[in-house]
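What follows is a short report on a single structure.
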Protein chains: 2
Amino acid sequence: MTQNRNIVIIGCGASGGTAAQFARKTDRKASITVIEQGRYPQYSKCGLPYAIAGVIPDFNDLLEFSEDWFAREHINLLLQTTVEDIDHQNHCVIARQGTNTIKQSYNALILATGAKPWIPPIEQLFDHNQKLIQGVFMVRTFDDAKQISSFAKKGKKATIVGAGLIGLEMADCLYTKGMIVTVIEALPTILANTLDTDLTEPVLKKIKEHISVLTNHLVISTVSKNGSITGVVAKEKETTNETRIDTDVLIISTGCKPDTSLAEKLGCSIGAKGGILVNNRAETSIPDVYAVGDCTQYVDFVTNQPILIGLGSIGVRQGITAGINAAGGDYQLLKGLLQTCTSEFFGVEIAAVGPTSHRIQDFSVVSGKFTGSSLPSYFPGGEPITIKVISQEETGRILSAQAVGSNAAQRINTFACAILNEMTVENLRKLETAYAPPIAPTLDAVTLACDVVALKMNRRQRSP
Amino acid sequence: MTQNRNIVIIGCGASGGTAAQFARKTDRKASITVIEQGRYPQYSKCGLPYAIAGVIPDFNDLLEFSEDWFAREHINLLLQTTVEDIDHQNHCVIARQGTNTIKQSYNALILATGAKPWIPPIEQLFDHNQKLIQGVFMVRTFDDAKQISSFAKKGKKATIVGAGLIGLEMADCLYTKGMIVTVIEALPTILANTLDTDLTEPVLKKIKEHISVLTNHLVISTVSKNGSITGVVAKEKETTNETRIDTDVLIISTGCKPDTSLAEKLGCSIGAKGGILVNNRAETSIPDVYAVGDCTQYVDFVTNQPILIGLGSIGVRQGITAGINAAGGDYQLLKGLLQTCTSEFFGVEIAAVGPTSHRIQDFSVVSGKFTGSSLPSYFPGGEPITIKVISQEETGRILSAQAVGSNAAQRINTFACAILNEMTVENLRKLETAYAPPIAPTLDAVTLACDVVALKMNRRQRSP
């Protein structure tokens with residue numbers, strides 16, 4: 001008698017849920033169990049700000065795969081279940097659901113344990129029970145978002161710590177709800193992990209038309225009354241001047257760190273960035289154990305340096321990989337991460353692919369920037385688009401690209417394809433792009449940004 | 001004493017004008033002369049329908065480079081000047097401007113003589129002076145468009161022969177003007193040079209919500225009164241049934257043929273498709289003679305077969321090439337044409353790159369199609385997008401792609417980049433695309449269309 005394959009997935013976020021889905025697609029007969037400590041099956045974390053804003057009408061819309069879906073696919077979904085131990089010698093997971101202990105054996109184990117928010121050192125953030133004081137929130141879970149939603153009232157004040165993608169998405173969404181919003185960022189610039197400073201400047205200008213943004217400021221403590229937050233104290237890093245900002249809500253979006261506790265128990269190698277080390281098959285250092293999503297680290301395609309995941313689009317692709325491989329298939333991710341990403345706040349679309357300038361300081365680079373219109377000059381309704389391209393000086397190979405404005409995301413996808421193929425600016429500028437007056441100019445911003453870099457390179461080669 | 005370089009360009013369309021511009025950028029001292037038989041310097045031919053529609057407020061907006069611009073750049077622009085002969089032995093162009101004969105010597109000659117409309121055999125199309133009867137127009141020139149504009153009145157009837165890109169753009173624009181529009185196409189399908197039939201079906205359905213489209217019909221004659229058109233007779237090709245359609249205007253947009261008369265006089269090789277043969281430096285078979293734009297033919301990147309140009313985006317890139325090379329620089333086009341193109345009619349954006357199915361019948365292919373939303377399912381406001389991908393069966397290499405719907409053009413640019421790099425569907429499906437709920441799903445239509453093809457290929461490999 002042939003034994004069916006037995007797959008256990010810990011964590012039902014986007015990566016874990018996707019792993020379950022693709023394991024099922026690969027092996028219709030496998031026994032698949034997903035263990036999730038929260039109350040909900042797979043939902044879109046990235047969609048949470050938009051549900052808070054009311055743009056997505058109902059929080060339940062964010063549930064991408066319902067309990068019914070898992071039942072129909074014969075995937076054993078254990079919610080509100082916490083893994084207490086893993087006996088890898090005997091390939092068995094020991095979990096607790098309420099007062100019950102569950103033992104679930106496996107042939108293949110997929111860790112999708114996600115990440116935990118990193119909380120900066122802010123005084124009086126916790127009450128005497130080590131709980132966040134009332135009105136202070138993270139934006140990691142469904143329940144976080146629902147609670148924020150109940151506080152997000154027109155005319156009330158919101159303060160957000162951290163001007164990364166999630167911080168600014170939250171800022172836009174709370175502004176949409178009619179709140180008076182302040183964003184406080186410790187670094188001198190917003191979106192420091194995504195865009196170079198010269199590209200963030202016009203974005204920051206646009207954002208400041210709607211909300212307050214304090215860069216170079218640390219939130220050093222909260223002010224509260226009867227256990228509820230009423231304000232924060234922010235310190236300007238250079239002058240050390242302190243400002244008190246009244247607020248009804250404080251959102252902390254200062255990044256995350258991989259949750260590797262179970263992986264460490266198992267003895268999986270942990271990388272220099274603090275994530276579980278995985279290869280292009282989503283395998284950890286331990287046979288039969290895979291890991292996916294925010295708990296892992298992989299390598300940057302361009303720099304070959306380790307990087308944490310932190311993007312749903314990558315987590316999902318890892319989930320596909322681990323799901324297929326755990327179910328006996330053979331699927332490999334590309335040899336490194338491009339970190340293609342996008343977002344939109346206050347009507348400005350941004351997108352980027354490849355490392356920002358500060359992450360490629362070891363390379364000798366030539367960079368260039370083009371700003372123009374999404375349409376030919378004679379056609380009404382064109383929208384501004386800026387594209388910056390960074391290429392390697394010796395070879396002309398494109399290392400990264402960043403865009404702000406019209407269709408930034410789809411334009412950056414073309415650069416992602418170019419980077420993956422190690423194309424030079426000289427060749428990408430010659431790519432025939434789609435042209436029609438109501439849609440794009442004969443020479444798109446994609447082309448013209450490459451032109452700027454190619455011309456700079458030619459000039460340098462002529463005058464050494 | 002060094003003699004300055006002397007460049008003569010015949011034709012001031014987009015290709016010729018661009019050649020002049022890049023020749024000047026390359027050699028600030030060269031003598032550059034542009035000879036144009038029409039009354040206007042470089043203007044956007046592709047923009048003409050939108051000026052007729054009134055979307056572009058003023059016809060003069062279409063003038064991309066004014067006479068002043070040429071003067072400032074010290075480019076000698078001769079309008080309303082017809083080249084009568086070229087004495088290549090003595091490197092001299094003989095032209096007529098009114099009653100004057102102009103002799104202009106050159107070191108390098110660039111032919112940008114464009115194309116002439118191909119007119120189908122329609123009875124009673126011309127009057128006894130061999131002029132088109134009143135109310136019948138092509139859409140090639142500024143003057144054509146201005147005349148059409150004076151006929152394009154609300155409530156009047158327009159008939160368009162030819163359902164290619166320009167025919168349908170005109171249909172949309174005349175509909176926008178409030179006209180009652182009928183499009184008549186000889187082939188069984190619209191956009192036959194751009195999209196496969198399965199992709200045109202939803203486009204045709206959308207178009208038919210607004211105007212009449214008769215496919216498989218030939219216009220066999222006009223009906224006129226006092227020298228002005230009042231209708232056409234269209235014949236259904238299979239049944240040979242004839243229908244009379246009343247019309248106030250007849251627009252003929254049934255394609256063009258390269259104008260190679262001067263090139264033939266010079267002895268330039270003419271290719272199998274009827275265009276001047278050029279290489280990747282825009283050189284003809286005659287030394288010091290370049291050719292660019294609609295009068296030329298080049299090779300298809302995928303099939304390696306000769307193809308006519310017919311796209312402004314390619315003509316401009318050839319213009320850049322010829323301009324730089326004629327001025328002593330060194331610039332090469334890519335090794336073949338992708339024919340990336342796009343358009344929009346009745347609110348539907350379409351785009352394509354690479355040969356349509358009927359042009360790659362010699363290849364053994366696997367094709368697949370994905371239809372979905374431009375946004376995650378939970379996010380409101382997503383728009384439909386369909387992408388079809390055709391790949392080579394043996395290798396998985398992507399040969400062409402077609403898209404209908406949201407951001408079709410920018411999505412197709414990513415495929416253009418993939419095709420140029422001879423990527424496989426297997427690798428493109430793994431490309432990290434930009435994801436954020438308000439902008440694109442975790443797995444974009446670009447990815448999912450490749451998935452469909454990759455899965456088909458895997459299935460075929462498993463079951464030979």
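Numbering starts fresh at 1 for the residues of each chain in the structure tokens, the chains themselves are lettered A, B, ... in the order given, and ligands are numbered from 1 as they appear.
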
Next item on the list: Check range 238-443 of chain A with DSSP on the backbone and list each residue it calls strand (DSSP E), as a ChimeraX atom specification.
Entry: /A:242-246,249-252,256-258,276-277,289-291,296-299,306-308,341-345,348-353,365-373,384-392,398-405

Output for the residues just chosen: C-alpha atoms as an mmCIF file, in the first residue's frame:
```cif
data_model
loop_
_atom_site.group_PDB
_atom_site.id
_atom_site.type_symbol
_atom_site.label_atom_id
_atom_site.label_comp_id
_atom_site.auth_asym_id
_atom_site.auth_seq_id
_atom_site.Cartn_x
_atom_site.Cartn_y
_atom_site.Cartn_z
ATOM 1 C CA GLU A 242 11.367 68.290 21.381
ATOM 2 C CA THR A 243 7.867 68.809 20.028
ATOM 3 C CA ARG A 244 4.647 67.574 21.518
ATOM 4 C CA ILE A 245 2.086 66.397 19.000
ATOM 5 C CA ASP A 246 -1.484 65.732 20.084
ATOM 6 C CA VAL A 249 -4.151 57.223 17.501
ATOM 7 C CA LEU A 250 -0.542 56.160 17.123
ATOM 8 C CA ILE A 251 0.354 53.708 14.370
ATOM 9 C CA ILE A 252 3.739 52.051 14.523
ATOM 10 C CA CYS A 256 9.490 43.899 11.069
ATOM 11 C CA LYS A 257 11.882 41.167 12.010
ATOM 12 C CA PRO A 258 11.512 37.560 10.862
ATOM 13 C CA ILE A 276 15.714 31.614 7.788
ATOM 14 C CA LEU A 277 18.217 30.785 5.057
ATOM 15 C CA VAL A 289 11.854 21.551 5.854
ATOM 16 C CA TYR A 290 10.926 24.490 3.650
ATOM 17 C CA ALA A 291 10.422 28.105 4.604
ATOM 18 C CA THR A 296 13.076 33.966 5.356
ATOM 19 C CA GLN A 297 16.017 35.604 3.679
ATOM 20 C CA TYR A 298 17.319 35.077 0.162
ATOM 21 C CA VAL A 299 19.817 36.859 -2.085
ATOM 22 C CA PRO A 306 21.454 38.463 1.538
ATOM 23 C CA ILE A 307 18.155 40.301 1.904
ATOM 24 C CA LEU A 308 14.979 39.793 3.868
ATOM 25 C CA CYS A 341 7.554 46.932 -5.754
ATOM 26 C CA THR A 342 4.965 49.644 -6.081
ATOM 27 C CA SER A 343 2.535 51.702 -4.087
ATOM 28 C CA GLU A 344 0.373 54.773 -4.313
ATOM 29 C CA PHE A 345 -0.355 57.552 -1.873
ATOM 30 C CA VAL A 348 1.146 59.506 -6.704
ATOM 31 C CA GLU A 349 2.154 56.074 -7.983
ATOM 32 C CA ILE A 350 5.685 54.954 -7.217
ATOM 33 C CA ALA A 351 7.537 51.810 -8.208
ATOM 34 C CA ALA A 352 11.043 50.454 -8.052
ATOM 35 C CA VAL A 353 13.119 47.426 -8.929
ATOM 36 C CA VAL A 365 27.634 53.310 -11.461
ATOM 37 C CA VAL A 366 26.217 55.822 -13.901
ATOM 38 C CA SER A 367 22.725 57.003 -13.153
ATOM 39 C CA GLY A 368 20.336 59.255 -14.961
ATOM 40 C CA LYS A 369 16.833 60.555 -14.617
ATOM 41 C CA PHE A 370 14.171 61.613 -17.060
ATOM 42 C CA THR A 371 11.039 63.582 -16.271
ATOM 43 C CA GLY A 372 8.376 64.023 -18.893
ATOM 44 C CA SER A 373 4.796 63.291 -19.783
ATOM 45 C CA PRO A 384 4.020 63.447 -15.204
ATOM 46 C CA ILE A 385 6.386 60.500 -15.037
ATOM 47 C CA THR A 386 9.929 60.438 -13.687
ATOM 48 C CA ILE A 387 12.201 57.437 -14.166
ATOM 49 C CA LYS A 388 15.673 57.016 -12.712
ATOM 50 C CA VAL A 389 17.979 54.322 -14.037
ATOM 51 C CA ILE A 390 21.203 53.145 -12.441
ATOM 52 C CA SER A 391 23.659 51.155 -14.523
ATOM 53 C CA GLN A 392 27.048 49.627 -13.962
ATOM 54 C CA ILE A 398 21.075 48.057 -15.694
ATOM 55 C CA LEU A 399 21.175 47.516 -11.920
ATOM 56 C CA SER A 400 18.025 49.243 -10.772
ATOM 57 C CA ALA A 401 15.266 51.612 -11.748
ATOM 58 C CA GLN A 402 12.810 53.780 -9.879
ATOM 59 C CA ALA A 403 9.704 55.557 -11.111
ATOM 60 C CA VAL A 404 7.287 58.164 -9.807
ATOM 61 C CA GLY A 405 4.136 59.015 -11.702
#
```

Notebook entry, point to check: Quick one: residues within 7 Å of Ser253 in chain B, only C-alpha atoms counted, chain neighbours fewer than 6 positions away excluded, as a ChimeraX atom specification?
Noted result: /B:138-139,161-162,166-167

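Separating CA of Gly255 in chain B from CA of Ala20 in chain B is a distance of 26.6 Å.
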
Margin query: Based on the backbone DSSP call, show me all residues of range 301-447 of chain B assigned helix (DSSP H, G or I), as an MDAnalysis selection string.
Written below: chainID B and resid 312:326 357:360 408:420 425:428 445:447

Margin query: Show me, as JSON, numbers by chain, the residues that have an atom within 10 Å of range 124-133 of chain B when counting only C-alpha atoms, minus same-chain residues fewer than 4 positions from it.
Written below: {"B": [119, 120, 137, 138, 220, 221, 222, 223, 224, 225, 226, 227, 228, 229, 232, 250]}

Keeping C-alpha atoms, export the residues of the selection given above as a PDB file, in the first residue's frame.
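Produced file result_37.pdb, reproduced below:
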```
ATOM      1  CA  ILE B 119      -6.656  52.401 -52.802  1.00  0.00           C
ATOM      2  CA  PRO B 120      -8.895  49.368 -53.327  1.00  0.00           C
ATOM      3  CA  PHE B 137     -10.637  61.038 -48.186  1.00  0.00           C
ATOM      4  CA  MET B 138      -7.468  59.299 -47.125  1.00  0.00           C
ATOM      5  CA  ILE B 220     -17.509  47.959 -54.795  1.00  0.00           C
ATOM      6  CA  SER B 221     -18.689  51.399 -55.795  1.00  0.00           C
ATOM      7  CA  THR B 222     -19.709  54.806 -54.608  1.00  0.00           C
ATOM      8  CA  VAL B 223     -23.045  56.507 -55.164  1.00  0.00           C
ATOM      9  CA  SER B 224     -22.851  60.215 -55.811  1.00  0.00           C
ATOM     10  CA  LYS B 225     -24.933  63.230 -56.661  1.00  0.00           C
ATOM     11  CA  ASN B 226     -23.580  66.365 -58.302  1.00  0.00           C
ATOM     12  CA  GLY B 227     -20.040  65.091 -57.816  1.00  0.00           C
ATOM     13  CA  SER B 228     -20.443  64.508 -54.068  1.00  0.00           C
ATOM     14  CA  ILE B 229     -20.605  61.116 -52.432  1.00  0.00           C
ATOM     15  CA  VAL B 232     -21.481  53.258 -51.118  1.00  0.00           C
ATOM     16  CA  LEU B 250     -15.983  58.016 -47.125  1.00  0.00           C
TER      17      LEU B 250
END
```

Notebook entry, point to check: Can you list, as an MDAnalysis selection string, every protein, DNA or RNA residue that comes within 9 Å of Asp172 in chain B when you count only C-alpha atoms, leaving out same-chain residues fewer than 2 positions away?
Noted result: chainID B and resid 49 53 167:170 174:177 181 207 210:211 344:346

Go ahead and write the residues just picked, N, CA and C atoms, as a JSON list (two decimals), in the first residue's frame.
```json
[["chain", "number", "residue", "atom", "x", "y", "z"],
["B", 49, "PRO", "N", -6.22, 61.76, -36.40],
["B", 49, "PRO", "CA", -7.61, 61.45, -36.03],
["B", 49, "PRO", "C", -8.08, 62.22, -34.79],
["B", 53, "ALA", "N", -11.17, 64.74, -34.22],
["B", 53, "ALA", "CA", -12.16, 64.54, -33.15],
["B", 53, "ALA", "C", -12.30, 65.77, -32.25],
["B", 167, "GLY", "N", -8.18, 52.88, -39.36],
["B", 167, "GLY", "CA", -9.61, 52.86, -39.64],
["B", 167, "GLY", "C", -10.43, 52.93, -38.36],
["B", 168, "LEU", "N", -10.02, 52.14, -37.37],
["B", 168, "LEU", "CA", -10.80, 52.13, -36.12],
["B", 168, "LEU", "C", -10.55, 53.38, -35.28],
["B", 169, "GLU", "N", -9.34, 53.92, -35.34],
["B", 169, "GLU", "CA", -9.10, 55.20, -34.66],
["B", 169, "GLU", "C", -9.99, 56.29, -35.26],
["B", 170, "MET", "N", -10.07, 56.29, -36.61],
["B", 170, "MET", "CA", -10.94, 57.26, -37.27],
["B", 170, "MET", "C", -12.40, 57.03, -36.89],
["B", 174, "LEU", "N", -14.60, 59.95, -35.31],
["B", 174, "LEU", "CA", -15.79, 60.50, -35.98],
["B", 174, "LEU", "C", -17.04, 60.26, -35.14],
["B", 175, "TYR", "N", -17.06, 59.12, -34.44],
["B", 175, "TYR", "CA", -18.16, 58.86, -33.50],
["B", 175, "TYR", "C", -18.15, 59.91, -32.38],
["B", 176, "THR", "N", -16.96, 60.24, -31.91],
["B", 176, "THR", "CA", -16.82, 61.28, -30.89],
["B", 176, "THR", "C", -17.39, 62.61, -31.38],
["B", 177, "LYS", "N", -17.24, 62.85, -32.68],
["B", 177, "LYS", "CA", -17.79, 64.09, -33.27],
["B", 177, "LYS", "C", -19.31, 64.02, -33.44],
["B", 181, "VAL", "N", -21.44, 56.10, -37.75],
["B", 181, "VAL", "CA", -20.27, 55.53, -38.40],
["B", 181, "VAL", "C", -20.48, 54.07, -38.79],
["B", 207, "ILE", "N", -16.91, 47.59, -29.90],
["B", 207, "ILE", "CA", -17.04, 48.60, -30.95],
["B", 207, "ILE", "C", -18.47, 48.64, -31.47],
["B", 210, "HIS", "N", -21.29, 50.84, -30.43],
["B", 210, "HIS", "CA", -21.33, 52.26, -30.81],
["B", 210, "HIS", "C", -21.51, 52.50, -32.31],
["B", 211, "ILE", "N", -20.98, 51.61, -33.12],
["B", 211, "ILE", "CA", -21.03, 51.85, -34.57],
["B", 211, "ILE", "C", -21.33, 50.53, -35.28],
["B", 344, "GLU", "N", -6.20, 52.62, -29.09],
["B", 344, "GLU", "CA", -7.35, 52.64, -28.19],
["B", 344, "GLU", "C", -8.55, 53.11, -29.00],
["B", 345, "PHE", "N", -9.64, 52.39, -28.91],
["B", 345, "PHE", "CA", -10.87, 52.86, -29.53],
["B", 345, "PHE", "C", -12.05, 52.48, -28.65],
["B", 346, "PHE", "N", -13.01, 53.38, -28.54],
["B", 346, "PHE", "CA", -14.22, 53.15, -27.77],
["B", 346, "PHE", "C", -13.86, 52.65, -26.36]]
```

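Considering the residues B:Ser212, B:Thr424, B:Gln3, B:Gln410 and counting only C-alpha atoms, chain A has its shortest atom-to-atom contact with B:Gln410.
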
Next item on the list: Skip Gly47 in chain B itself and residues of its chain fewer than 5 positions away, then list as number ranges by chain all residues within 12 Å of it, counting only C-alpha atoms.
Entry: A: 375-380, 435-442; B: 14, 52-64, 139-142, 145, 166, 169-170, 173, 312, 343

Output file for the selection above: N, CA and C atoms, as a tab-separated table (two decimals), in the first residue's frame:
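Saved result, selection.tsv, follows:
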```tsv
chain	number	residue	atom	x	y	z
A	375	LEU	N	2.21	61.11	-22.13
A	375	LEU	CA	1.64	61.20	-23.49
A	375	LEU	C	2.50	62.15	-24.33
A	376	PRO	N	2.33	62.09	-25.67
A	376	PRO	CA	3.03	63.07	-26.50
A	376	PRO	C	2.65	64.48	-26.08
A	377	SER	N	3.56	65.42	-26.29
A	377	SER	CA	3.34	66.79	-25.81
A	377	SER	C	2.07	67.41	-26.38
A	378	TYR	N	1.69	66.99	-27.59
A	378	TYR	CA	0.52	67.61	-28.22
A	378	TYR	C	-0.80	67.02	-27.75
A	379	PHE	N	-0.74	65.92	-26.95
A	379	PHE	CA	-1.98	65.24	-26.58
A	379	PHE	C	-2.40	65.66	-25.18
A	380	PRO	N	-3.66	66.12	-25.01
A	380	PRO	CA	-4.07	66.59	-23.68
A	380	PRO	C	-4.17	65.43	-22.68
A	435	TYR	N	3.57	52.66	-29.00
A	435	TYR	CA	3.27	54.08	-29.19
A	435	TYR	C	1.90	54.30	-29.83
A	436	ALA	N	1.13	55.18	-29.26
A	436	ALA	CA	-0.08	55.73	-29.88
A	436	ALA	C	-0.40	57.01	-29.12
A	437	PRO	N	-0.81	58.06	-29.82
A	437	PRO	CA	-0.97	59.36	-29.15
A	437	PRO	C	-1.78	59.32	-27.85
A	438	PRO	N	-2.91	58.59	-27.76
A	438	PRO	CA	-3.65	58.65	-26.50
A	438	PRO	C	-3.03	57.79	-25.40
A	439	ILE	N	-1.94	57.06	-25.71
A	439	ILE	CA	-1.45	56.06	-24.75
A	439	ILE	C	0.00	56.30	-24.31
A	440	ALA	N	0.89	56.56	-25.25
A	440	ALA	CA	2.30	56.75	-24.90
A	440	ALA	C	3.00	57.46	-26.06
A	441	PRO	N	4.07	58.20	-25.76
A	441	PRO	CA	4.82	58.89	-26.83
A	441	PRO	C	5.66	57.91	-27.65
A	442	THR	N	6.13	58.35	-28.82
A	442	THR	CA	6.99	57.49	-29.64
A	442	THR	C	8.18	57.00	-28.84
B	14	ALA	N	7.91	62.10	-39.67
B	14	ALA	CA	8.53	61.81	-38.37
B	14	ALA	C	9.94	61.24	-38.53
B	52	ILE	N	-9.00	65.72	-35.64
B	52	ILE	CA	-10.32	65.71	-36.28
B	52	ILE	C	-11.41	65.61	-35.22
B	53	ALA	N	-11.17	64.74	-34.22
B	53	ALA	CA	-12.16	64.54	-33.15
B	53	ALA	C	-12.30	65.77	-32.25
B	54	GLY	N	-11.29	66.65	-32.30
B	54	GLY	CA	-11.30	67.79	-31.40
B	54	GLY	C	-10.69	67.49	-30.04
B	55	VAL	N	-10.21	66.26	-29.86
B	55	VAL	CA	-9.54	65.90	-28.60
B	55	VAL	C	-8.25	66.72	-28.49
B	56	ILE	N	-7.54	66.81	-29.61
B	56	ILE	CA	-6.43	67.76	-29.70
B	56	ILE	C	-7.05	69.05	-30.23
B	57	PRO	N	-6.99	70.13	-29.42
B	57	PRO	CA	-7.82	71.31	-29.73
B	57	PRO	C	-7.51	71.97	-31.07
B	58	ASP	N	-6.25	71.98	-31.48
B	58	ASP	CA	-5.87	72.76	-32.66
B	58	ASP	C	-4.96	71.90	-33.54
B	59	PHE	N	-5.23	71.88	-34.83
B	59	PHE	CA	-4.38	71.12	-35.75
B	59	PHE	C	-2.91	71.51	-35.61
B	60	ASN	N	-2.68	72.80	-35.36
B	60	ASN	CA	-1.28	73.25	-35.26
B	60	ASN	C	-0.53	72.64	-34.08
B	61	ASP	N	-1.30	72.13	-33.10
B	61	ASP	CA	-0.65	71.44	-31.98
B	61	ASP	C	0.15	70.24	-32.46
B	62	LEU	N	-0.24	69.70	-33.62
B	62	LEU	CA	0.41	68.49	-34.12
B	62	LEU	C	1.79	68.75	-34.71
B	63	LEU	N	2.07	70.01	-34.98
B	63	LEU	CA	3.40	70.35	-35.52
B	63	LEU	C	4.43	70.13	-34.43
B	64	GLU	N	5.24	69.09	-34.60
B	64	GLU	CA	6.18	68.74	-33.53
B	64	GLU	C	7.43	69.60	-33.58
B	139	VAL	N	-6.38	59.32	-44.95
B	139	VAL	CA	-5.94	59.98	-43.71
B	139	VAL	C	-4.42	59.93	-43.64
B	140	ARG	N	-3.76	60.58	-44.62
B	140	ARG	CA	-2.30	60.56	-44.63
B	140	ARG	C	-1.70	61.90	-44.23
B	141	THR	N	-2.35	62.96	-44.64
B	141	THR	CA	-1.70	64.26	-44.48
B	141	THR	C	-2.53	65.23	-43.64
B	142	PHE	N	-1.84	66.26	-43.21
B	142	PHE	CA	-2.44	67.39	-42.53
B	142	PHE	C	-3.65	67.93	-43.30
B	145	ALA	N	-6.64	65.63	-43.25
B	145	ALA	CA	-7.33	65.67	-41.96
B	145	ALA	C	-8.16	66.94	-41.80
B	166	ILE	N	-5.77	52.45	-38.05
B	166	ILE	CA	-6.16	53.82	-38.41
B	166	ILE	C	-7.65	53.90	-38.70
B	169	GLU	N	-9.34	53.92	-35.34
B	169	GLU	CA	-9.10	55.20	-34.66
B	169	GLU	C	-9.99	56.29	-35.26
B	170	MET	N	-10.07	56.29	-36.61
B	170	MET	CA	-10.94	57.26	-37.27
B	170	MET	C	-12.40	57.03	-36.89
B	173	CYS	N	-12.99	58.48	-33.56
B	173	CYS	CA	-12.91	59.94	-33.56
B	173	CYS	C	-14.13	60.57	-34.24
B	312	GLY	N	5.11	54.51	-36.63
B	312	GLY	CA	5.87	55.72	-36.33
B	312	GLY	C	7.01	55.45	-35.36
B	343	SER	N	-3.09	50.84	-29.49
B	343	SER	CA	-4.07	51.85	-29.86
B	343	SER	C	-5.22	51.76	-28.87
```

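With only C-alpha atoms as the atoms that count, the minimum distance from Val292 in chain B to the choices B:Leu109, B:Asp196, B:Phe65, B:Asn216 is reached by B:Leu109.
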
Note to self: I'd like to know which of A:Leu204, A:Ala115, A:Ala51, A:Ile184 is closest to chain B, using only C-alpha atoms.
What the structure shows: A:Ala51
